[in-house]
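All remarks here apply to the structure that follows.
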Amino acid sequence: MIAKVEGLTKTFGGVRAVDGVSFTLEDRKIYGLLGRNGAGKTTLMQLMTAQQFPTSGTVEVFGASPYENRRVLRQICFVKESQAYVRNARIRDVLEFSSLVFPRWDRRYAEELLDAFRLPKERKMKQLSRGMTSAVGIVVGLASRAPLTIFDEPYLGLDAASRGLFYDLLLKDYLEHPRTFVLSTHLIDEVNRLLEHILVIDRGRLILDDNADSVRGRAFSVSGPADRVASFVSGRTIVRDERLGSLRTAVIPETPDERARTRAAELGLELKPVPMQELIVHLTQPSPAEGGKRP
Amino acid sequence: MNPLIDGDKPIFVQIAERIEDDILTGRLPEESQVPSTNQFASFYRINPATAAKGVNLLVDEGILYKKRGIGMFVAPGAREKVLRKRKMQFFRQYVLAMLQEAEKLGISEEELVLMIRKGKDGAEG
């Protein structure tokens, strides 16, 4: 275990941005911190990296409180969504500065990453496009080789190809130098396959803390002729139901077992896992019953 | 070029099935070494824990076995086991579904047998 958060709460003017959150981070795992915009992801990470004081609760990283703790903070690299850089600094200055901050900084790897993202070393930060600025953050995050590296939506302005490059580089470097990553994102399906463990935060609360492979199997969809789907789903909970003419697709919040598969085959129905993105949407939405009670 | 796995099954199950396919075709003979978890992870671009879960599925079924400190190997008799398992899946996935559809279309057993023979001869149905 490298980090432990207990009963963590942060209120801003009466609003609970983070609300009684507890979890641990294990060494050498890739975590996905998922949730909608405004769910409290960024505040949570600011609390873990000593950039905010909690209203209540405790944070322990590498065995100690991170506040004013140089030993702990040097082991954490936090790349923010809109990371601010000294505007007149050149890319090479940013890397030079980072090499002083992070004990495990890899100079040669940083150069490789600059090439991969086609970043001109002599260019000033203020002259960079939004996407290039984000790429600098990614270079710093990866080359830091920090035992705890946190990326908070680090891809603003990056196109799909560059984001794909980021994910590939991250996985490659993780395999060669295993360490803990936290990827905070709302682009869930893009990062899904990289994740080992998933934390979902909704309205400040942690609503899911589980292994990614078990989350992936938590629901399935069944489609086919409406009458046959009806006999398949009878007695089961349905979280989504769609009809198109005589066809019907229903989402069932269960892991399909052997019996369900056999039954579906007999009925000639198609079973599919539900994409992670959709699963999280179901989890972070009021259930139909709950929604019905509201005015 | 991108070996994406976007099938209808969990990723770790697909990893297990690809290994089984390689055992069936003989690409992975019995007693040969299976690629490492990291090799699977980087090839399929997935978390190595997911790849490990797929491999372990086959270890639990006795299709692969672990040599300590060396890696994973194809167990003796693995091909036979995979074949048996796949035949059962084939029955469930194709035969049952086919019979269901045949019943709907009023196709008799004799007709069905004829159709299968015809299909084997490569003729158009």
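Chain labels A, B, ... are given in the sequence in which chains occur in the structure tokens; within each chain residues are numbered consecutively from 1, and ligands are likewise numbered from 1 in the order shown.
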
Could you build a table of the residues in chain B lying no more than 8 Å from chain A, giving for each the nearest pair of atoms and their separation in Å rounded to one decimal place, using only C-alpha atoms, ordered by chain and ascending residue number, as JSON lines?
{"residue": "B:Asp8", "atom": "CA", "partner": "A:Lys272", "partner_atom": "CA", "distance": 4.9}
{"residue": "B:Lys9", "atom": "CA", "partner": "A:Pro273", "partner_atom": "CA", "distance": 6.3}
{"residue": "B:Pro10", "atom": "CA", "partner": "A:Gly217", "partner_atom": "CA", "distance": 6.8}
{"residue": "B:Phe12", "atom": "CA", "partner": "A:Asp213", "partner_atom": "CA", "distance": 7.8}
{"residue": "B:Asn38", "atom": "CA", "partner": "A:Leu175", "partner_atom": "CA", "distance": 6.5}
{"residue": "B:Ser42", "atom": "CA", "partner": "A:Lys172", "partner_atom": "CA", "distance": 6.6}
{"residue": "B:Arg45", "atom": "CA", "partner": "A:Asp168", "partner_atom": "CA", "distance": 7.1}
{"residue": "B:Ile46", "atom": "CA", "partner": "A:Arg193", "partner_atom": "CA", "distance": 4.9}
{"residue": "B:Asn47", "atom": "CA", "partner": "A:Leu194", "partner_atom": "CA", "distance": 4.6}
{"residue": "B:Pro48", "atom": "CA", "partner": "A:Leu175", "partner_atom": "CA", "distance": 7.8}
{"residue": "B:Ala49", "atom": "CA", "partner": "A:Glu196", "partner_atom": "CA", "distance": 6.3}
{"residue": "B:Thr50", "atom": "CA", "partner": "A:Asp213", "partner_atom": "CA", "distance": 6.7}
{"residue": "B:Arg92", "atom": "CA", "partner": "A:Thr262", "partner_atom": "CA", "distance": 6.3}
{"residue": "B:Gln93", "atom": "CA", "partner": "A:Ala265", "partner_atom": "CA", "distance": 5.7}
{"residue": "B:Tyr94", "atom": "CA", "partner": "A:Ala265", "partner_atom": "CA", "distance": 7.9}
{"residue": "B:Leu96", "atom": "CA", "partner": "A:Glu266", "partner_atom": "CA", "distance": 5.6}
{"residue": "B:Ala97", "atom": "CA", "partner": "A:Gly268", "partner_atom": "CA", "distance": 5.3}
{"residue": "B:Gln100", "atom": "CA", "partner": "A:Glu266", "partner_atom": "CA", "distance": 6.6}
{"residue": "B:Glu101", "atom": "CA", "partner": "A:Gly268", "partner_atom": "CA", "distance": 7.7}

Practice task
Skip range 41-55 of chain A itself and residues of its chain fewer than 5 positions away, then list as a PyMOL selection string all residues within 7 Å of it, counting only C-alpha atoms.
Solution key: chain A and resi 8-11+17-18+33+66-67+152+184+201

Shell around Leu95 in chain A at 12 Å using only C-alpha atoms, local window under 3 positions removed, as an mmCIF file with N, CA and C atoms, in the first residue's frame:
data_model
loop_
_atom_site.group_PDB
_atom_site.id
_atom_site.type_symbol
_atom_site.label_atom_id
_atom_site.label_comp_id
_atom_site.auth_asym_id
_atom_site.auth_seq_id
_atom_site.Cartn_x
_atom_site.Cartn_y
_atom_site.Cartn_z
ATOM 1 N N TYR A 85 2.628 26.968 -16.425
ATOM 2 C CA TYR A 85 4.084 26.991 -16.500
ATOM 3 C C TYR A 85 4.533 28.444 -16.537
ATOM 4 N N ALA A 89 9.531 30.484 -19.782
ATOM 5 C CA ALA A 89 10.424 29.322 -19.748
ATOM 6 C C ALA A 89 10.363 28.588 -21.082
ATOM 7 N N ARG A 90 11.497 28.006 -21.464
ATOM 8 C CA ARG A 90 11.507 27.154 -22.641
ATOM 9 C C ARG A 90 11.177 25.736 -22.199
ATOM 10 N N ILE A 91 10.823 24.890 -23.183
ATOM 11 C CA ILE A 91 10.538 23.494 -22.833
ATOM 12 C C ILE A 91 11.735 22.892 -22.095
ATOM 13 N N ARG A 92 12.956 23.184 -22.596
ATOM 14 C CA ARG A 92 14.154 22.618 -21.965
ATOM 15 C C ARG A 92 14.289 23.060 -20.507
ATOM 16 N N SER A 98 12.300 20.034 -13.738
ATOM 17 C CA SER A 98 11.711 18.756 -13.312
ATOM 18 C C SER A 98 12.797 17.773 -12.880
ATOM 19 N N SER A 99 13.942 17.809 -13.561
ATOM 20 C CA SER A 99 15.022 16.871 -13.228
ATOM 21 C C SER A 99 15.561 17.143 -11.823
ATOM 22 N N LEU A 100 15.393 18.380 -11.344
ATOM 23 C CA LEU A 100 15.839 18.715 -9.986
ATOM 24 C C LEU A 100 14.803 18.289 -8.950
ATOM 25 N N VAL A 101 13.528 18.324 -9.363
ATOM 26 C CA VAL A 101 12.446 18.016 -8.420
ATOM 27 C C VAL A 101 12.307 16.506 -8.187
ATOM 28 N N PHE A 102 12.408 15.737 -9.280
ATOM 29 C CA PHE A 102 12.096 14.307 -9.175
ATOM 30 C C PHE A 102 13.368 13.458 -9.144
ATOM 31 N N TRP A 105 14.067 11.100 -12.140
ATOM 32 C CA TRP A 105 13.944 11.684 -13.475
ATOM 33 C C TRP A 105 14.874 10.983 -14.460
ATOM 34 N N ASP A 106 14.358 10.648 -15.630
ATOM 35 C CA ASP A 106 15.168 9.987 -16.647
ATOM 36 C C ASP A 106 15.340 10.933 -17.836
ATOM 37 N N ARG A 107 16.540 11.508 -17.916
ATOM 38 C CA ARG A 107 16.837 12.522 -18.908
ATOM 39 C C ARG A 107 16.708 11.986 -20.339
ATOM 40 N N ARG A 108 17.232 10.781 -20.531
ATOM 41 C CA ARG A 108 17.218 10.245 -21.885
ATOM 42 C C ARG A 108 15.795 9.919 -22.335
ATOM 43 N N TYR A 109 15.036 9.388 -21.401
ATOM 44 C CA TYR A 109 13.647 9.065 -21.706
ATOM 45 C C TYR A 109 12.866 10.344 -22.021
ATOM 46 N N ALA A 110 13.147 11.419 -21.291
ATOM 47 C CA ALA A 110 12.467 12.701 -21.533
ATOM 48 C C ALA A 110 12.724 13.168 -22.971
ATOM 49 N N GLU A 111 13.982 12.992 -23.417
ATOM 50 C CA GLU A 111 14.336 13.389 -24.794
ATOM 51 C C GLU A 111 13.550 12.551 -25.812
ATOM 52 N N LEU A 113 10.694 11.190 -25.369
ATOM 53 C CA LEU A 113 9.290 11.601 -25.332
ATOM 54 C C LEU A 113 9.083 12.910 -26.093
ATOM 55 N N LEU A 114 10.044 13.826 -25.977
ATOM 56 C CA LEU A 114 9.954 15.081 -26.728
ATOM 57 C C LEU A 114 9.853 14.781 -28.218
ATOM 58 N N LEU A 119 8.012 17.850 -29.851
ATOM 59 C CA LEU A 119 8.056 19.110 -29.115
ATOM 60 C C LEU A 119 9.412 19.778 -29.327
ATOM 61 N N LYS A 121 12.373 21.784 -28.261
ATOM 62 C CA LYS A 121 12.968 22.061 -26.953
ATOM 63 C C LYS A 121 13.195 23.536 -26.658
ATOM 64 N N GLU A 122 13.495 24.286 -27.704
ATOM 65 C CA GLU A 122 13.877 25.687 -27.480
ATOM 66 C C GLU A 122 12.659 26.617 -27.456
ATOM 67 N N MET A 125 7.215 28.326 -23.515
ATOM 68 C CA MET A 125 5.913 27.762 -23.144
ATOM 69 C C MET A 125 4.772 28.637 -23.654
ATOM 70 N N VAL A 136 3.698 18.567 -23.005
ATOM 71 C CA VAL A 136 4.814 18.819 -22.089
ATOM 72 C C VAL A 136 4.490 18.211 -20.719
ATOM 73 N N GLY A 137 3.243 18.394 -20.268
ATOM 74 C CA GLY A 137 2.814 17.813 -18.994
ATOM 75 C C GLY A 137 2.950 16.298 -19.004
ATOM 76 N N ILE A 138 2.596 15.696 -20.117
ATOM 77 C CA ILE A 138 2.684 14.235 -20.234
ATOM 78 C C ILE A 138 4.149 13.786 -20.186
ATOM 79 N N VAL A 139 5.019 14.538 -20.878
ATOM 80 C CA VAL A 139 6.453 14.214 -20.864
ATOM 81 C C VAL A 139 6.982 14.275 -19.434
ATOM 82 N N VAL A 140 6.624 15.333 -18.710
ATOM 83 C CA VAL A 140 7.091 15.482 -17.328
ATOM 84 C C VAL A 140 6.560 14.325 -16.468
ATOM 85 N N GLY A 141 5.273 14.032 -16.634
ATOM 86 C CA GLY A 141 4.666 12.972 -15.829
ATOM 87 C C GLY A 141 5.330 11.626 -16.041
ATOM 88 N N LEU A 142 5.609 11.286 -17.308
ATOM 89 C CA LEU A 142 6.202 9.979 -17.584
ATOM 90 C C LEU A 142 7.684 9.949 -17.206
ATOM 91 N N ALA A 143 8.426 11.001 -17.597
ATOM 92 C CA ALA A 143 9.877 10.992 -17.359
ATOM 93 C C ALA A 143 10.210 11.161 -15.878
ATOM 94 N N SER A 144 9.263 11.634 -15.083
ATOM 95 C CA SER A 144 9.509 11.771 -13.638
ATOM 96 C C SER A 144 9.727 10.406 -13.001
#

Exercise for the section: For Thr185 in chain A, work out the shell of residues within 12 Å, counting only C-alpha atoms and skipping chain neighbours fewer than 3 positions away, then give it as a PyMOL selection string. Expected result: chain A and resi 31-42+80-81+150-156+182+188-192+195+198-201+277

Write a file of the selected residues as a short mmCIF file (atom, residue, chain, number, x, y, z; two decimals), in the first residue's frame, keeping N, CA and C atoms.
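Below you can see selection.cif, which holds the result:
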data_model
loop_
_atom_site.label_atom_id
_atom_site.label_comp_id
_atom_site.auth_asym_id
_atom_site.auth_seq_id
_atom_site.Cartn_x
_atom_site.Cartn_y
_atom_site.Cartn_z
N TYR A 31 -4.56 2.97 -11.69
CA TYR A 31 -5.91 3.25 -11.22
C TYR A 31 -6.62 4.19 -12.19
N GLY A 32 -7.89 4.00 -12.34
CA GLY A 32 -8.71 4.97 -13.05
C GLY A 32 -9.58 5.67 -12.01
N LEU A 33 -9.47 6.99 -11.96
CA LEU A 33 -10.35 7.76 -11.09
C LEU A 33 -11.39 8.36 -12.02
N LEU A 34 -12.58 7.78 -12.00
CA LEU A 34 -13.56 8.12 -13.02
C LEU A 34 -14.76 8.82 -12.42
N GLY A 35 -15.40 9.60 -13.22
CA GLY A 35 -16.58 10.32 -12.77
C GLY A 35 -16.83 11.48 -13.70
N ARG A 36 -17.99 12.06 -13.54
CA ARG A 36 -18.35 13.18 -14.40
C ARG A 36 -17.56 14.42 -14.03
N ASN A 37 -17.61 15.40 -14.90
CA ASN A 37 -16.99 16.68 -14.58
C ASN A 37 -17.69 17.25 -13.35
N GLY A 38 -16.88 17.76 -12.41
CA GLY A 38 -17.48 18.36 -11.23
C GLY A 38 -17.83 17.35 -10.15
N ALA A 39 -17.44 16.09 -10.34
CA ALA A 39 -17.79 15.05 -9.36
C ALA A 39 -16.92 15.14 -8.10
N GLY A 40 -15.77 15.82 -8.22
CA GLY A 40 -14.88 15.94 -7.07
C GLY A 40 -13.52 15.29 -7.28
N LYS A 41 -13.23 14.86 -8.52
CA LYS A 41 -11.98 14.15 -8.80
C LYS A 41 -10.77 15.04 -8.52
N THR A 42 -10.81 16.25 -9.05
CA THR A 42 -9.65 17.14 -8.92
C THR A 42 -9.41 17.52 -7.47
N LYS A 80 -1.60 18.33 -13.91
CA LYS A 80 -2.97 18.85 -13.88
C LYS A 80 -3.53 19.13 -15.26
N GLU A 81 -4.83 19.28 -15.30
CA GLU A 81 -5.53 19.51 -16.56
C GLU A 81 -5.01 20.75 -17.27
N ILE A 150 0.19 11.05 -11.02
CA ILE A 150 -1.23 11.32 -11.18
C ILE A 150 -1.44 12.19 -12.41
N PHE A 151 -2.26 11.72 -13.32
CA PHE A 151 -2.63 12.53 -14.48
C PHE A 151 -4.09 12.93 -14.35
N ASP A 152 -4.32 14.22 -14.25
CA ASP A 152 -5.70 14.71 -14.13
C ASP A 152 -6.12 15.31 -15.46
N GLU A 153 -6.89 14.55 -16.24
CA GLU A 153 -7.33 14.99 -17.57
C GLU A 153 -6.20 15.73 -18.29
N PRO A 154 -5.11 15.04 -18.60
CA PRO A 154 -3.92 15.75 -19.06
C PRO A 154 -3.88 16.04 -20.56
N TYR A 155 -5.00 15.85 -21.24
CA TYR A 155 -4.93 15.82 -22.70
C TYR A 155 -5.67 16.97 -23.38
N LEU A 156 -5.96 18.03 -22.65
CA LEU A 156 -6.68 19.15 -23.26
C LEU A 156 -5.98 19.60 -24.55
N VAL A 182 -2.36 7.12 -11.34
CA VAL A 182 -3.78 7.42 -11.20
C VAL A 182 -4.16 8.25 -12.42
N ILE A 188 -13.62 7.52 -20.48
CA ILE A 188 -13.46 6.23 -19.82
C ILE A 188 -13.10 5.11 -20.79
N ASP A 189 -13.78 5.04 -21.91
CA ASP A 189 -13.51 3.93 -22.83
C ASP A 189 -12.12 4.00 -23.45
N GLU A 190 -11.56 5.22 -23.51
CA GLU A 190 -10.20 5.34 -24.06
C GLU A 190 -9.16 4.70 -23.15
N VAL A 191 -9.34 4.83 -21.85
CA VAL A 191 -8.32 4.32 -20.93
C VAL A 191 -8.67 2.96 -20.33
N ASN A 192 -9.92 2.58 -20.48
CA ASN A 192 -10.44 1.36 -19.86
C ASN A 192 -9.46 0.19 -19.84
N LEU A 195 -6.49 -0.01 -17.32
CA LEU A 195 -6.69 0.08 -15.88
C LEU A 195 -6.71 -1.28 -15.20
N ILE A 198 -10.45 0.43 -10.43
CA ILE A 198 -11.31 1.56 -10.76
C ILE A 198 -11.93 2.18 -9.51
N LEU A 199 -11.83 3.51 -9.46
CA LEU A 199 -12.49 4.28 -8.42
C LEU A 199 -13.47 5.20 -9.12
N VAL A 200 -14.73 5.16 -8.73
CA VAL A 200 -15.70 6.06 -9.34
C VAL A 200 -16.21 7.01 -8.28
N ILE A 201 -16.15 8.29 -8.61
CA ILE A 201 -16.61 9.30 -7.67
C ILE A 201 -17.80 10.02 -8.29
N GLN A 277 -17.82 2.88 -20.10
CA GLN A 277 -18.40 4.23 -20.06
C GLN A 277 -19.88 4.18 -19.71
#

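Contact shell of Leu25 in chain A at 9 Å (only C-alpha atoms; same-chain neighbours under 5 positions omitted): Met1, Ile2, Ala3, Lys4, Val5, Tyr31 and Thr180 of chain A.
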
Just to be explicit: take each residue in the selection above, keep N, CA and C atoms, and write the result as a compact mmCIF listing (two decimals), in the first residue's frame.
# COMPACT_ATOMS: atom_id res chain seq x y z
N MET A 1 0.84 -1.21 0.00
CA MET A 1 0.00 0.00 0.00
C MET A 1 0.87 1.25 0.00
N ILE A 2 0.57 2.21 -0.86
CA ILE A 2 1.37 3.43 -0.88
C ILE A 2 0.58 4.66 -0.44
N ALA A 3 -0.72 4.56 -0.43
CA ALA A 3 -1.51 5.72 0.02
C ALA A 3 -2.79 5.24 0.68
N LYS A 4 -3.23 6.03 1.65
CA LYS A 4 -4.43 5.67 2.38
C LYS A 4 -5.19 6.95 2.71
N VAL A 5 -6.46 6.95 2.35
CA VAL A 5 -7.32 8.10 2.57
C VAL A 5 -8.45 7.62 3.45
N TYR A 31 -4.56 2.97 -11.69
CA TYR A 31 -5.91 3.25 -11.22
C TYR A 31 -6.62 4.19 -12.19
N THR A 180 2.91 3.28 -9.51
CA THR A 180 1.47 3.54 -9.41
C THR A 180 1.08 4.76 -10.23

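The residues of chain B that DSSP assigns to strand (DSSP E or B) on this backbone come out as Gln33, Leu64, Tyr65, Lys66, Lys67, Gly71, Met72, Phe73 and Val74 of chain B.
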
With C-alpha atoms retained, export the selected residues as a short mmCIF file (atom, residue, chain, number, x, y, z; two decimals), in the first residue's frame.
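Final output, saved to again.cif:
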data_model
loop_
_atom_site.label_atom_id
_atom_site.label_comp_id
_atom_site.auth_asym_id
_atom_site.auth_seq_id
_atom_site.Cartn_x
_atom_site.Cartn_y
_atom_site.Cartn_z
CA GLN B 33 6.35 -21.76 -23.43
CA LEU B 64 -1.36 -24.26 -18.87
CA TYR B 65 1.01 -24.83 -16.00
CA LYS B 66 3.57 -22.70 -14.26
CA LYS B 67 7.27 -23.47 -14.05
CA GLY B 71 7.07 -18.92 -17.01
CA MET B 72 3.91 -20.55 -18.30
CA PHE B 73 3.85 -23.70 -20.40
CA VAL B 74 1.26 -25.69 -22.32
#

Practice task
Enumerate as a VMD selection string all residues of range 10-111 of chain B assigned to alpha helix (DSSP H) by DSSP on the backbone, naming them with the chain letters and numbers the document uses.
Solution key: chain B and resid 11 to 25 37 to 44 48 to 60 78 to 90 96 to 105 109 to 111

Pull C-alpha atoms from the residues just selected and write them as an mmCIF file, in the first residue's frame.
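That gives us again_5.cif:
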data_model
loop_
_atom_site.group_PDB
_atom_site.id
_atom_site.type_symbol
_atom_site.label_atom_id
_atom_site.label_comp_id
_atom_site.auth_asym_id
_atom_site.auth_seq_id
_atom_site.Cartn_x
_atom_site.Cartn_y
_atom_site.Cartn_z
ATOM 1 C CA ILE B 11 -10.897 -9.021 -22.429
ATOM 2 C CA PHE B 12 -9.345 -11.666 -20.182
ATOM 3 C CA VAL B 13 -11.614 -14.331 -21.646
ATOM 4 C CA GLN B 14 -10.535 -13.278 -25.144
ATOM 5 C CA ILE B 15 -6.881 -13.592 -24.115
ATOM 6 C CA ALA B 16 -7.583 -17.124 -22.874
ATOM 7 C CA GLU B 17 -9.370 -17.964 -26.130
ATOM 8 C CA ARG B 18 -6.508 -16.695 -28.286
ATOM 9 C CA ILE B 19 -4.117 -18.916 -26.375
ATOM 10 C CA GLU B 20 -6.529 -21.831 -26.819
ATOM 11 C CA ASP B 21 -6.706 -21.106 -30.550
ATOM 12 C CA ASP B 22 -2.929 -21.279 -30.744
ATOM 13 C CA ILE B 23 -2.961 -24.583 -28.882
ATOM 14 C CA LEU B 24 -5.597 -25.963 -31.275
ATOM 15 C CA THR B 25 -3.728 -24.933 -34.416
ATOM 16 C CA THR B 37 1.966 -11.520 -19.233
ATOM 17 C CA ASN B 38 3.927 -8.408 -20.193
ATOM 18 C CA GLN B 39 4.230 -9.575 -23.785
ATOM 19 C CA PHE B 40 0.489 -10.083 -23.979
ATOM 20 C CA ALA B 41 -0.100 -6.707 -22.331
ATOM 21 C CA SER B 42 2.072 -4.791 -24.744
ATOM 22 C CA PHE B 43 0.814 -6.667 -27.798
ATOM 23 C CA TYR B 44 -2.880 -6.243 -27.009
ATOM 24 C CA PRO B 48 -0.879 -6.849 -17.509
ATOM 25 C CA ALA B 49 -3.202 -7.845 -14.635
ATOM 26 C CA THR B 50 -5.953 -8.458 -17.190
ATOM 27 C CA ALA B 51 -3.589 -10.570 -19.301
ATOM 28 C CA ALA B 52 -2.597 -12.500 -16.177
ATOM 29 C CA LYS B 53 -6.239 -13.151 -15.409
ATOM 30 C CA GLY B 54 -6.711 -14.698 -18.855
ATOM 31 C CA VAL B 55 -3.627 -16.874 -18.449
ATOM 32 C CA ASN B 56 -4.695 -17.961 -14.961
ATOM 33 C CA LEU B 57 -8.066 -19.021 -16.286
ATOM 34 C CA LEU B 58 -6.223 -21.640 -18.341
ATOM 35 C CA VAL B 59 -3.981 -22.593 -15.419
ATOM 36 C CA ASP B 60 -7.113 -23.303 -13.357
ATOM 37 C CA ALA B 78 -3.971 -29.497 -23.214
ATOM 38 C CA ARG B 79 -5.074 -29.788 -26.824
ATOM 39 C CA GLU B 80 -7.502 -32.569 -25.972
ATOM 40 C CA LYS B 81 -8.965 -30.494 -23.132
ATOM 41 C CA VAL B 82 -9.375 -27.403 -25.295
ATOM 42 C CA LEU B 83 -10.964 -29.458 -28.023
ATOM 43 C CA ARG B 84 -13.508 -30.962 -25.625
ATOM 44 C CA LYS B 85 -14.350 -27.552 -24.197
ATOM 45 C CA ARG B 86 -14.694 -25.968 -27.619
ATOM 46 C CA LYS B 87 -16.977 -28.750 -28.831
ATOM 47 C CA MET B 88 -19.283 -28.082 -25.921
ATOM 48 C CA GLN B 89 -19.247 -24.391 -26.729
ATOM 49 C CA PHE B 90 -19.911 -25.190 -30.358
ATOM 50 C CA LEU B 96 -28.789 -25.102 -30.213
ATOM 51 C CA ALA B 97 -29.263 -21.789 -31.983
ATOM 52 C CA MET B 98 -29.509 -23.584 -35.336
ATOM 53 C CA LEU B 99 -32.127 -26.011 -34.062
ATOM 54 C CA GLN B 100 -34.137 -23.139 -32.657
ATOM 55 C CA GLU B 101 -34.063 -21.310 -35.968
ATOM 56 C CA ALA B 102 -34.821 -24.526 -37.877
ATOM 57 C CA GLU B 103 -37.895 -25.087 -35.771
ATOM 58 C CA LYS B 104 -39.092 -21.569 -36.490
ATOM 59 C CA LEU B 105 -38.701 -22.148 -40.230
ATOM 60 C CA GLU B 109 -34.325 -33.092 -39.210
ATOM 61 C CA GLU B 110 -33.825 -34.786 -42.599
ATOM 62 C CA GLU B 111 -33.765 -31.442 -44.357
#

Practice task
Tell me, as a ChimeraX atom specification, which residues lie within 8 Å of Pro76 in chain B, counting only C-alpha atoms; anything in the same chain fewer than 3 positions away does not count.
Solution key: /B:30-31,63,79

Handout entry: Exercise: Arg240 in chain A partners within 6 Å, only C-alpha atoms, chain neighbours under 2 positions left out, as number ranges by chain
Key = A: 238, 250-251

Writing out the chosen residues with N, CA and C atoms as a PDB file, in the first residue's frame:
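Generated output (result_39.pdb):
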ATOM      1  N   ILE A 238     -33.622  -4.680 -14.870  1.00  0.00           N
ATOM      2  CA  ILE A 238     -33.193  -4.062 -16.133  1.00  0.00           C
ATOM      3  C   ILE A 238     -32.807  -2.619 -15.848  1.00  0.00           C
ATOM      4  N   ALA A 250     -31.908  -5.051 -23.821  1.00  0.00           N
ATOM      5  CA  ALA A 250     -32.037  -4.732 -22.402  1.00  0.00           C
ATOM      6  C   ALA A 250     -30.676  -4.885 -21.735  1.00  0.00           C
ATOM      7  N   VAL A 251     -30.384  -3.993 -20.801  1.00  0.00           N
ATOM      8  CA  VAL A 251     -29.132  -4.088 -20.047  1.00  0.00           C
ATOM      9  C   VAL A 251     -29.444  -4.632 -18.652  1.00  0.00           C
TER      10      VAL A 251
END

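Between CA of Val215 in chain A and CA of Asp257 in chain A lies a distance of 15.1 Å.
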